[in-house]
file start-v2.pdb (PDB, C-alpha atoms)
ATOM      1  CA  MET Y   1     113.647  97.986 142.219
ATOM      2  CA  ARG Y   2     112.646  95.563 139.456
ATOM      3  CA  ARG Y   3     108.972  96.364 140.018
ATOM      4  CA  GLY Y   4     109.753 100.060 139.815
ATOM      5  CA  ARG Y   5     111.561  99.591 136.508
ATOM      6  CA  ASN Y   6     108.589  97.649 135.143
ATOM      7  CA  ILE Y   7     106.200 100.382 136.213
ATOM      8  CA  LEU Y   8     108.447 102.989 134.589
ATOM      9  CA  ALA Y   9     108.625 100.947 131.363
ATOM     10  CA  TYR Y  10     104.850 100.544 131.169
ATOM     11  CA  GLY Y  11     104.426 104.221 131.972
ATOM     12  CA  LEU Y  12     106.704 105.213 129.098
ATOM     13  CA  LEU Y  13     104.857 102.874 126.735
ATOM     14  CA  SER Y  14     101.380 103.972 127.800
ATOM     15  CA  PRO Y  15     101.197 107.147 125.605
ATOM     16  CA  ALA Y  16     101.991 105.122 122.471
ATOM     17  CA  PHE Y  17      99.533 102.432 123.564
ATOM     18  CA  LEU Y  18      96.773 105.003 124.063
ATOM     19  CA  VAL Y  19      97.446 106.510 120.634
ATOM     20  CA  VAL Y  20      97.202 103.061 119.010
ATOM     21  CA  VAL Y  21      93.936 102.334 120.829
ATOM     22  CA  LEU Y  22      92.479 105.728 119.950
ATOM     23  CA  PHE Y  23      93.405 105.849 116.273
ATOM     24  CA  LEU Y  24      93.507 102.150 115.326
ATOM     25  CA  VAL Y  25      91.701  99.804 117.668
ATOM     26  CA  TYR Y  26      88.637 101.976 118.352
ATOM     27  CA  PRO Y  27      87.952 102.870 114.674
ATOM     28  CA  LEU Y  28      88.399  99.188 113.790
ATOM     29  CA  PHE Y  29      85.896  98.252 116.480
ATOM     30  CA  LEU Y  30      83.411 100.784 115.085
ATOM     31  CA  ALA Y  31      83.863  99.409 111.568
ATOM     32  CA  VAL Y  32      83.309  95.813 112.717
ATOM     33  CA  ASN Y  33      80.293  96.837 114.769
ATOM     34  CA  LEU Y  34      78.800  98.782 111.866
ATOM     35  CA  SER Y  35      79.361  95.928 109.422
ATOM     36  CA  LEU Y  36      77.334  93.604 111.660
ATOM     37  CA  ARG Y  37      74.300  95.892 111.800
ATOM     38  CA  ALA Y  38      71.281  95.232 109.594
ATOM     39  CA  GLY Y  39      69.967  98.404 108.000
ATOM     40  CA  GLN Y  40      71.458 101.714 106.956
ATOM     41  CA  THR Y  41      72.236 104.800 109.005
ATOM     42  CA  MET Y  42      74.435 107.892 108.744
ATOM     43  CA  ASN Y  43      74.095 108.681 112.442
ATOM     44  CA  LEU Y  44      76.785 106.840 114.399
ATOM     45  CA  SER Y  45      74.835 107.337 117.619
ATOM     46  CA  GLN Y  46      72.074 105.107 116.238
ATOM     47  CA  ILE Y  47      74.349 102.189 115.294
ATOM     48  CA  ASN Y  48      73.638 100.190 118.433
ATOM     49  CA  SER Y  49      69.887 100.442 117.816
ATOM     50  CA  LEU Y  50      70.207  98.406 114.623
ATOM     51  CA  PRO Y  51      69.882  94.619 114.999
ATOM     52  CA  LEU Y  52      72.989  92.432 114.743
ATOM     53  CA  SER Y  53      73.098  90.389 111.571
ATOM     54  CA  LEU Y  54      75.391  88.911 108.926
ATOM     55  CA  VAL Y  55      73.186  90.169 106.113
ATOM     56  CA  ASN Y  56      75.752  92.729 104.965
ATOM     57  CA  TYR Y  57      78.418  90.067 104.527
ATOM     58  CA  ALA Y  58      75.958  87.815 102.701
ATOM     59  CA  GLU Y  59      75.062  90.609 100.291
ATOM     60  CA  VAL Y  60      78.673  91.639  99.755
ATOM     61  CA  LEU Y  61      79.980  88.115  99.163
ATOM     62  CA  SER Y  62      77.117  87.231  96.801
ATOM     63  CA  ASP Y  63      77.418  90.424  94.753
ATOM     64  CA  PRO Y  64      79.414  89.947  91.504
ATOM     65  CA  ALA Y  65      80.437  93.613  91.699
ATOM     66  CA  THR Y  66      82.401  92.825  94.864
ATOM     67  CA  TRP Y  67      84.508  90.171  93.184
ATOM     68  CA  HIS Y  68      84.963  92.445  90.203
ATOM     69  CA  SER Y  69      86.419  95.047  92.575
ATOM     70  CA  VAL Y  70      88.584  92.399  94.255
ATOM     71  CA  TRP Y  71      89.995  91.367  90.890
ATOM     72  CA  LYS Y  72      90.647  94.983  89.919
ATOM     73  CA  SER Y  73      92.440  95.527  93.229
ATOM     74  CA  VAL Y  74      94.581  92.444  92.645
ATOM     75  CA  GLU Y  75      95.322  93.528  89.064
ATOM     76  CA  TYR Y  76      96.183  97.069  90.129
ATOM     77  CA  THR Y  77      98.354  95.869  93.008
ATOM     78  CA  GLY Y  78     100.140  93.201  90.997
ATOM     79  CA  LEU Y  79     101.009  95.511  88.113
ATOM     80  CA  SER Y  80     102.027  98.422  90.329
ATOM     81  CA  VAL Y  81     104.147  96.442  92.775
ATOM     82  CA  GLY Y  82     105.695  94.187  90.130
ATOM     83  CA  ILE Y  83     106.788  97.028  87.858
ATOM     84  CA  SER Y  84     107.885  99.183  90.797
ATOM     85  CA  PHE Y  85     110.038  96.354  92.148
ATOM     86  CA  LEU Y  86     111.756  95.739  88.815
ATOM     87  CA  ILE Y  87     112.480  99.433  88.305
ATOM     88  CA  GLY Y  88     113.592  99.827  91.915
ATOM     89  CA  LEU Y  89     115.900  96.818  91.644
ATOM     90  CA  GLY Y  90     117.403  98.127  88.413
ATOM     91  CA  THR Y  91     118.016 101.611  89.774
ATOM     92  CA  ALA Y  92     119.442 100.198  93.008
ATOM     93  CA  LEU Y  93     121.915  98.062  91.067
ATOM     94  CA  VAL Y  94     122.959 101.092  88.998
ATOM     95  CA  LEU Y  95     123.289 103.409  91.998
ATOM     96  CA  ASN Y  96     125.352 100.809  93.859
ATOM     97  CA  ARG Y  97     128.139 101.276  91.315
ATOM     98  CA  LYS Y  98     130.713 104.050  91.539
ATOM     99  CA  PHE Y  99     130.512 106.668  88.791
ATOM    100  CA  PRO Y 100     130.660 110.491  88.569
ATOM    101  CA  GLY Y 101     127.488 112.247  89.685
ATOM    102  CA  ARG Y 102     126.181 109.270  91.631
ATOM    103  CA  ARG Y 103     125.042 111.387  94.582
ATOM    104  CA  ILE Y 104     123.070 113.742  92.363
ATOM    105  CA  LEU Y 105     121.452 110.828  90.535
ATOM    106  CA  ARG Y 106     120.496 109.222  93.841
ATOM    107  CA  THR Y 107     118.656 112.382  94.842
ATOM    108  CA  LEU Y 108     116.842 112.573  91.513
ATOM    109  CA  VAL Y 109     115.834 108.905  91.629
ATOM    110  CA  LEU Y 110     114.413 109.213  95.141
ATOM    111  CA  LEU Y 111     112.667 112.527  94.437
ATOM    112  CA  PRO Y 112     109.286 111.035  93.352
ATOM    113  CA  TRP Y 113     108.849 109.472  96.789
ATOM    114  CA  ALA Y 114     108.885 112.942  98.370
ATOM    115  CA  VAL Y 115     106.385 114.459  95.922
ATOM    116  CA  PRO Y 116     102.835 114.753  97.373
ATOM    117  CA  GLY Y 117     100.250 112.476  95.811
ATOM    118  CA  VAL Y 118      98.092 115.390  94.635
ATOM    119  CA  VAL Y 119     101.009 116.869  92.702
ATOM    120  CA  THR Y 120     101.735 113.459  91.185
ATOM    121  CA  VAL Y 121      98.128 113.061  90.025
ATOM    122  CA  LEU Y 122      98.003 116.547  88.509
ATOM    123  CA  GLY Y 123     101.260 115.954  86.674
ATOM    124  CA  PHE Y 124     100.137 112.673  85.126
ATOM    125  CA  LEU Y 125      96.702 114.061  84.269
ATOM    126  CA  TRP Y 126      98.592 116.484  82.034
ATOM    127  CA  ILE Y 127     101.121 113.951  80.739
ATOM    128  CA  LEU Y 128      98.420 111.435  79.785
ATOM    129  CA  ASP Y 129      95.866 113.952  78.546
ATOM    130  CA  SER Y 130      94.169 112.715  75.382
ATOM    131  CA  SER Y 131      94.366 116.080  73.581
ATOM    132  CA  TYR Y 132      97.677 117.708  74.485
ATOM    133  CA  GLY Y 133      99.461 115.132  76.665
ATOM    134  CA  VAL Y 134     103.173 114.521  76.349
ATOM    135  CA  MET Y 135     102.704 110.740  76.201
ATOM    136  CA  ASN Y 136     100.588 110.850  73.060
ATOM    137  CA  TYR Y 137     102.995 113.317  71.474
ATOM    138  CA  LEU Y 138     105.969 111.016  72.099
ATOM    139  CA  LEU Y 139     104.124 107.945  70.825
ATOM    140  CA  ARG Y 140     103.054 109.805  67.674
ATOM    141  CA  SER Y 141     106.617 111.017  67.150
ATOM    142  CA  LEU Y 142     107.852 107.415  67.340
ATOM    143  CA  HIS Y 143     105.044 106.343  64.944
ATOM    144  CA  LEU Y 144     103.695 103.911  67.512
ATOM    145  CA  ILE Y 145     100.173 105.354  67.336
ATOM    146  CA  SER Y 146      98.285 107.188  64.588
ATOM    147  CA  THR Y 147      95.537 108.723  66.739
ATOM    148  CA  ASP Y 148      95.553 110.083  70.254
ATOM    149  CA  VAL Y 149      94.814 107.623  73.060
ATOM    150  CA  ALA Y 150      92.254 108.568  75.717
ATOM    151  CA  TRP Y 151      94.246 106.989  78.523
ATOM    152  CA  PHE Y 152      91.818 107.639  81.379
ATOM    153  CA  ALA Y 153      88.595 107.379  79.338
ATOM    154  CA  ASP Y 154      89.250 104.111  77.493
ATOM    155  CA  PRO Y 155      88.468 100.941  79.506
ATOM    156  CA  SER Y 156      91.347  99.119  77.799
ATOM    157  CA  THR Y 157      93.966 101.672  78.906
ATOM    158  CA  ALA Y 158      92.496 103.099  82.124
ATOM    159  CA  MET Y 159      94.193 100.548  84.378
ATOM    160  CA  ILE Y 160      97.591 101.225  82.803
ATOM    161  CA  ALA Y 161      96.945 104.954  83.170
ATOM    162  CA  VAL Y 162      96.452 104.674  86.946
ATOM    163  CA  VAL Y 163      99.316 102.189  87.345
ATOM    164  CA  ILE Y 164     101.855 104.579  85.757
ATOM    165  CA  PRO Y 165     101.671 107.300  88.478
ATOM    166  CA  THR Y 166     101.547 104.622  91.181
ATOM    167  CA  VAL Y 167     104.755 103.094  89.844
ATOM    168  CA  TRP Y 168     106.428 106.483  89.518
ATOM    169  CA  LYS Y 169     105.564 107.250  93.122
ATOM    170  CA  GLY Y 170     106.387 103.804  94.501
ATOM    171  CA  TYR Y 171     109.608 102.620  92.857
ATOM    172  CA  PRO Y 172     111.898 104.895  94.984
ATOM    173  CA  PHE Y 173     110.822 102.895  98.051
ATOM    174  CA  PHE Y 174     112.248  99.739  96.502
ATOM    175  CA  THR Y 175     115.329 101.625  95.341
ATOM    176  CA  LEU Y 176     116.046 102.899  98.842
ATOM    177  CA  MET Y 177     115.458  99.557 100.556
ATOM    178  CA  LEU Y 178     117.388  97.470  98.043
ATOM    179  CA  LEU Y 179     120.251  99.941  97.771
ATOM    180  CA  ALA Y 180     120.746  99.782 101.534
ATOM    181  CA  ALA Y 181     120.775  95.983 101.332
ATOM    182  CA  LEU Y 182     123.247  95.999  98.431
ATOM    183  CA  GLN Y 183     125.672  98.182 100.335
ATOM    184  CA  SER Y 184     125.710  95.680 103.193
ATOM    185  CA  ILE Y 185     127.083  92.907 100.934
ATOM    186  CA  PRO Y 186     130.894  92.584 101.361
ATOM    187  CA  GLY Y 187     132.808  93.451  98.206
ATOM    188  CA  ASP Y 188     135.239  90.596  98.864
ATOM    189  CA  LEU Y 189     132.566  88.113  97.833
ATOM    190  CA  TYR Y 190     132.337  89.637  94.362
ATOM    191  CA  GLU Y 191     136.121  89.774  93.974
ATOM    192  CA  ALA Y 192     136.502  86.133  94.956
ATOM    193  CA  ALA Y 193     133.707  85.072  92.604
ATOM    194  CA  ARG Y 194     135.240  86.990  89.682
ATOM    195  CA  VAL Y 195     138.588  85.319  90.326
ATOM    196  CA  ASP Y 196     136.799  81.965  90.071
ATOM    197  CA  GLY Y 197     135.359  83.024  86.706
ATOM    198  CA  ALA Y 198     131.795  83.921  87.704
ATOM    199  CA  GLY Y 199     129.839  86.060  85.245
ATOM    200  CA  SER Y 200     127.315  88.837  85.905
ATOM    201  CA  THR Y 201     124.377  86.422  85.986
ATOM    202  CA  GLN Y 202     126.110  84.120  88.459
ATOM    203  CA  LEU Y 203     127.154  87.052  90.638
ATOM    204  CA  PHE Y 204     123.542  88.215  90.865
ATOM    205  CA  ARG Y 205     122.134  84.723  91.406
ATOM    206  CA  PHE Y 206     124.537  83.478  94.055
ATOM    207  CA  ILE Y 207     125.672  86.693  95.816
ATOM    208  CA  THR Y 208     123.452  89.698  95.108
ATOM    209  CA  TRP Y 209     120.020  88.109  95.356
ATOM    210  CA  PRO Y 210     120.717  86.061  98.528
ATOM    211  CA  GLY Y 211     122.082  89.240 100.082
ATOM    212  CA  ILE Y 212     118.993  91.340  99.341
ATOM    213  CA  ARG Y 213     116.297  88.644  99.458
ATOM    214  CA  THR Y 214     115.286  89.399 103.037
ATOM    215  CA  THR Y 215     114.894  93.109 102.413
ATOM    216  CA  ALA Y 216     113.168  92.514  99.079
ATOM    217  CA  THR Y 217     110.605  90.191 100.665
ATOM    218  CA  LEU Y 218     109.743  92.664 103.395
ATOM    219  CA  ALA Y 219     109.576  95.575 100.940
ATOM    220  CA  ILE Y 220     107.248  93.672  98.605
ATOM    221  CA  VAL Y 221     104.876  92.728 101.433
ATOM    222  CA  LEU Y 222     104.734  96.306 102.725
ATOM    223  CA  GLN Y 223     104.197  97.737  99.253
ATOM    224  CA  VAL Y 224     101.434  95.221  98.490
ATOM    225  CA  LEU Y 225      99.588  96.248 101.655
ATOM    226  CA  TRP Y 226      99.986  99.943 100.825
ATOM    227  CA  VAL Y 227      98.964  99.708  97.174
ATOM    228  CA  PHE Y 228      96.053  97.317  97.727
ATOM    229  CA  ARG Y 229      94.164  99.958  99.695
ATOM    230  CA  GLU Y 230      95.312 102.858  97.459
ATOM    231  CA  PHE Y 231      92.570 105.370  96.807
ATOM    232  CA  ASP Y 232      93.738 108.829  95.820
ATOM    233  CA  TYR Y 233      95.486 108.056  92.507
ATOM    234  CA  ILE Y 234      92.466 106.209  91.137
ATOM    235  CA  TYR Y 235      89.742 108.463  92.478
ATOM    236  CA  ALA Y 236      91.446 111.661  91.289
ATOM    237  CA  THR Y 237      91.997 110.332  87.766
ATOM    238  CA  THR Y 238      89.209 107.928  86.790
ATOM    239  CA  GLY Y 239      86.942 107.752  89.841
ATOM    240  CA  GLY Y 240      86.762 103.989  89.324
ATOM    241  CA  GLY Y 241      85.682 104.231  85.682
ATOM    242  CA  PRO Y 242      85.250 103.994  82.860
ATOM    243  CA  VAL Y 243      82.631 101.262  83.148
ATOM    244  CA  GLY Y 244      84.249  99.992  86.344
ATOM    245  CA  ALA Y 245      87.608  99.366  84.664
ATOM    246  CA  THR Y 246      89.480 100.767  87.678
ATOM    247  CA  GLU Y 247      86.908 100.273  90.448
ATOM    248  CA  THR Y 248      89.076  98.720  93.133
ATOM    249  CA  LEU Y 249      87.822  97.824  96.601
ATOM    250  CA  ALA Y 250      88.911 101.198  97.965
ATOM    251  CA  ILE Y 251      86.863 103.027  95.321
ATOM    252  CA  ARG Y 252      83.863 100.766  95.843
ATOM    253  CA  ILE Y 253      83.971 101.328  99.614
ATOM    254  CA  TYR Y 254      83.997 105.087  99.063
ATOM    255  CA  ASN Y 255      81.105 104.926  96.599
ATOM    256  CA  GLU Y 256      79.032 102.735  98.899
ATOM    257  CA  ALA Y 257      79.674 104.947 101.925
ATOM    258  CA  PHE Y 258      79.504 108.454 100.476
ATOM    259  CA  GLY Y 259      77.860 107.910  97.099
ATOM    260  CA  TYR Y 260      74.964 105.654  98.083
ATOM    261  CA  PHE Y 261      75.169 106.237 101.865
ATOM    262  CA  HIS Y 262      75.272 102.489 102.533
ATOM    263  CA  MET Y 263      77.545 102.724 105.547
ATOM    264  CA  THR Y 264      76.983  99.183 106.781
ATOM    265  CA  THR Y 265      77.729  97.725 103.341
ATOM    266  CA  ALA Y 266      80.850  99.864 103.085
ATOM    267  CA  SER Y 267      81.978  98.621 106.498
ATOM    268  CA  ALA Y 268      81.522  95.016 105.405
ATOM    269  CA  LEU Y 269      83.614  95.726 102.309
ATOM    270  CA  GLY Y 270      86.204  97.325 104.555
ATOM    271  CA  MET Y 271      86.375  94.189 106.678
ATOM    272  CA  LEU Y 272      86.772  92.147 103.490
ATOM    273  CA  THR Y 273      89.732  94.352 102.570
ATOM    274  CA  VAL Y 274      91.264  93.819 106.013
ATOM    275  CA  LEU Y 275      90.738  90.067 105.656
ATOM    276  CA  ILE Y 276      92.476  89.999 102.271
ATOM    277  CA  CYS Y 277      95.406  92.027 103.612
ATOM    278  CA  GLY Y 278      95.622  89.677 106.571
ATOM    279  CA  LEU Y 279      95.644  86.740 104.169
ATOM    280  CA  VAL Y 280      98.583  88.310 102.319
ATOM    281  CA  VAL Y 281     100.503  88.659 105.579
ATOM    282  CA  PHE Y 282      99.594  85.079 106.571
ATOM    283  CA  MET Y 283     100.858  83.729 103.238
ATOM    284  CA  ALA Y 284     104.062  85.757 103.499
ATOM    285  CA  TYR Y 285     104.640  84.891 107.166
ATOM    286  CA  PRO Y 286     106.499  81.571 106.546
ATOM    287  CA  VAL Y 287     108.909  83.372 104.227
ATOM    288  CA  LEU Y 288     109.351  86.298 106.596
ATOM    289  CA  ARG Y 289     109.783  83.980 109.573
ATOM    290  CA  LYS Y 290     112.434  81.988 107.720
ATOM    291  CA  GLU Y 291     114.288  85.129 106.674
ATOM    292  CA  PHE Y 292     114.049  87.128 109.905
ATOM    293  CA  PHE Y 293     113.806  84.484 112.598
TER     294      PHE Y 293
END
call {"tool": "encode", "arguments": {"input": "start-v2.pdb", "output": "structure tokens"}}
result
Amino acid sequence: MRRGRNILAYGLLSPAFLVVVLFLVYPLFLAVNLSLRAGQTMNLSQINSLPLSLVNYAEVLSDPATWHSVWKSVEYTGLSVGISFLIGLGTALVLNRKFPGRRILRTLVLLPWAVPGVVTVLGFLWILDSSYGVMNYLLRSLHLISTDVAWFADPSTAMIAVVIPTVWKGYPFFTLMLLAALQSIPGDLYEAARVDGAGSTQLFRFITWPGIRTTATLAIVLQVLWVFREFDYIYATTGGGPVGATETLAIRIYNEAFGYFHMTTASALGMLTVLICGLVVFMAYPVLRKEFF
């Protein structure tokens, strides 16, 4: 009977296992295999005819453009995730309070997460347009600028311009996760702390943050992994420009693969991206293990 239950369990798991192998393991194997091939080819059937070599990794790691893209990815990820977390934490703290219209406000706050990325990009292309964008109009009205800013065309503002839609799209994830964690904290703890004379800062430091720290850590790690390989927001707005100001690893991989048709180089860059993401998980693992296990 026990053997039958085991066979049934493995049988029920087999469809999910096959899907993972088909859509994750096999493409990853192809990428690793392609990255280890010397030469260039667009025909996947000819991959195995190319000699095995580490030349692609040597070229990628010795190319200053690679480390420029790595830095831009880190900058883009750090700004996007950091600002998204702060906004998400603030909105979660507000929505955790009881006030009229809270349900409606919750829906409005979480709405950006449901908006497709293409719609988000089109909206911010209009908002940040250098000629008739709403952002420039507001800044001129507040006398913060005297001339219009070319947000996507100026190397000094291009990174901020691609971070803004990423933050707008990403902060509801933090809001949802942190709000759920806040609602799991017993209200008696706050009442007891207030009786003892604790202020708002002490309440957050000793009750709120310990109660949401586990969820916050997991949410940050997930968001870092998602944003680090983000492609559509940058490609649809700046294409990695101007002058490489927003050329992250994802953009560079695309350009190498479909702009220059260097598929083996693009695969090596892809493996570098996987390695960096794995390093992030490895660094976060002690914290996650302490919190969850």
call {"tool": "atom_distance", "arguments": {"input": "start-v2.pdb", "atom1": "atom CA of Leu111 of chain Y", "atom2": "atom CA of Pro172 of chain Y"}}
result
7.7 Å
call {"tool": "closest_residue", "arguments": {"input": "start-v2.pdb", "among": "Y:Leu12, Y:Ile87, Y:Ala284, Y:Leu34", "to": "Thr264 of chain Y", "atoms": "all atoms listed in the file"}}
result
Y:Leu34
call {"tool": "closest_residue", "arguments": {"input": "start-v2.pdb", "among": "Y:Phe206, Y:Ala31, Y:Val55, Y:Leu189", "to": "Thr273 of chain Y", "atoms": "only C-alpha atoms"}}
result
Y:Ala31
call {"tool": "resolve_selection", "arguments": {"input": "start-v2.pdb", "expression": "the PyMOL selection byres ((chain Y and resi 178) around 12)", "output": "ChimeraX atom specification"}}
result
/Y:85-96,171-177,179-185,208-220
call {"tool": "atom_distance", "arguments": {"input": "start-v2.pdb", "atom1": "atom CA of Gly240 of chain Y", "atom2": "atom CA of Ala58 of chain Y"}}
result
23.6 Å
call {"tool": "atom_distance", "arguments": {"input": "start-v2.pdb", "atom1": "atom CA of Asp196 of chain Y", "atom2": "atom CA of Phe99 of chain Y"}}
result
25.5 Å
call {"tool": "resolve_selection", "arguments": {"input": "start-v2.pdb", "expression": "the PyMOL selection byres ((chain Y and resi 40) around 10)", "output": "list of chain:residue names"}}
result
Y:Leu34, Y:Arg37, Y:Ala38, Y:Gly39, Y:Thr41, Y:Met42, Y:Asn43, Y:Gln46, Y:Ile47, Y:Leu50, Y:Phe261, Y:His262, Y:Met263, Y:Thr264, Y:Thr265
call {"tool": "residues_around", "arguments": {"input": "start-v2.pdb", "residues": "Leu272 of chain Y", "least_positions_apart": "5", "cutoff": "10 Å", "atoms": "all atoms listed in the file", "output": "ChimeraX atom specification"}}
result
/Y:57,60-61,66,70,249,266-267,277-278
call {"tool": "closest_residue", "arguments": {"input": "start-v2.pdb", "among": "Y:Phe228, Y:Gly4, Y:Ala257, Y:Ala236", "to": "Ile276 of chain Y", "atoms": "all atoms listed in the file"}}
result
Y:Phe228
call {"tool": "closest_residue", "arguments": {"input": "start-v2.pdb", "among": "Y:Gln202, Y:Trp168, Y:Leu288, Y:Lys72", "to": "Ile251 of chain Y", "atoms": "all atoms listed in the file"}}
result
Y:Lys72
call {"tool": "resolve_selection", "arguments": {"input": "start-v2.pdb", "expression": "the PyMOL selection byres ((chain Y and resi 166) around 9)", "output": "ChimeraX atom specification"}}
result
/Y:80-81,84,120,162-165,167-171,227,233
call {"tool": "build_atoms", "arguments": {"input": "start-v2.pdb", "residues": "segment 257-265 of chain Y", "atoms": "all heavy atoms", "output": "short mmCIF file (atom, residue, chain, number, x, y, z; two decimals), in the frame of the given file"}}
result
data_model
loop_
_atom_site.label_atom_id
_atom_site.label_comp_id
_atom_site.auth_asym_id
_atom_site.auth_seq_id
_atom_site.Cartn_x
_atom_site.Cartn_y
_atom_site.Cartn_z
N ALA Y 257 79.83 104.16 100.70
CA ALA Y 257 79.67 104.95 101.92
C ALA Y 257 79.18 106.36 101.65
O ALA Y 257 78.25 106.84 102.31
CB ALA Y 257 81.00 105.00 102.68
N PHE Y 258 79.79 107.03 100.68
CA PHE Y 258 79.50 108.45 100.48
C PHE Y 258 78.79 108.75 99.17
O PHE Y 258 78.39 109.89 98.94
CB PHE Y 258 80.81 109.25 100.53
CG PHE Y 258 81.57 109.05 101.81
CD1 PHE Y 258 82.71 108.27 101.84
CD2 PHE Y 258 81.12 109.61 102.99
CE1 PHE Y 258 83.41 108.07 103.02
CE2 PHE Y 258 81.80 109.42 104.18
CZ PHE Y 258 82.95 108.65 104.19
N GLY Y 259 78.64 107.73 98.31
CA GLY Y 259 77.86 107.91 97.10
C GLY Y 259 76.44 107.43 97.27
O GLY Y 259 75.49 108.11 96.89
N TYR Y 260 76.29 106.24 97.86
CA TYR Y 260 74.96 105.65 98.08
C TYR Y 260 74.55 105.70 99.54
O TYR Y 260 73.43 105.29 99.87
CB TYR Y 260 74.95 104.20 97.60
CG TYR Y 260 75.53 104.00 96.22
CD1 TYR Y 260 76.52 103.06 95.98
CD2 TYR Y 260 75.08 104.77 95.14
CE1 TYR Y 260 77.06 102.87 94.72
CE2 TYR Y 260 75.62 104.60 93.88
CZ TYR Y 260 76.61 103.66 93.67
OH TYR Y 260 77.14 103.48 92.42
N PHE Y 261 75.43 106.14 100.43
CA PHE Y 261 75.17 106.24 101.86
C PHE Y 261 74.82 104.88 102.48
O PHE Y 261 74.01 104.80 103.40
CB PHE Y 261 74.07 107.27 102.15
CG PHE Y 261 74.39 108.63 101.65
CD1 PHE Y 261 73.77 109.13 100.51
CD2 PHE Y 261 75.33 109.43 102.30
CE1 PHE Y 261 74.08 110.40 100.03
CE2 PHE Y 261 75.65 110.68 101.82
CZ PHE Y 261 75.02 111.18 100.69
N HIS Y 262 75.43 103.82 101.96
CA HIS Y 262 75.27 102.49 102.53
C HIS Y 262 76.46 102.23 103.46
O HIS Y 262 77.41 101.52 103.11
CB HIS Y 262 75.21 101.44 101.43
CG HIS Y 262 74.03 101.58 100.54
ND1 HIS Y 262 73.95 100.97 99.29
CD2 HIS Y 262 72.86 102.26 100.70
CE1 HIS Y 262 72.80 101.27 98.73
NE2 HIS Y 262 72.11 102.04 99.56
N MET Y 263 76.41 102.78 104.64
CA MET Y 263 77.54 102.72 105.55
C MET Y 263 77.82 101.30 106.04
O MET Y 263 78.97 100.90 106.20
CB MET Y 263 77.31 103.65 106.74
CG MET Y 263 77.13 105.12 106.37
SD MET Y 263 78.58 105.81 105.56
CE MET Y 263 79.78 105.76 106.86
N THR Y 264 76.78 100.54 106.28
CA THR Y 264 76.98 99.18 106.78
C THR Y 264 77.59 98.29 105.69
O THR Y 264 78.46 97.46 105.97
CB THR Y 264 75.66 98.58 107.27
OG1 THR Y 264 74.68 98.64 106.21
CG2 THR Y 264 75.11 99.36 108.46
N THR Y 265 77.15 98.48 104.45
CA THR Y 265 77.73 97.72 103.34
C THR Y 265 79.19 98.11 103.14
O THR Y 265 80.05 97.25 102.91
CB THR Y 265 76.94 97.98 102.05
OG1 THR Y 265 75.57 97.65 102.25
CG2 THR Y 265 77.50 97.16 100.90
#
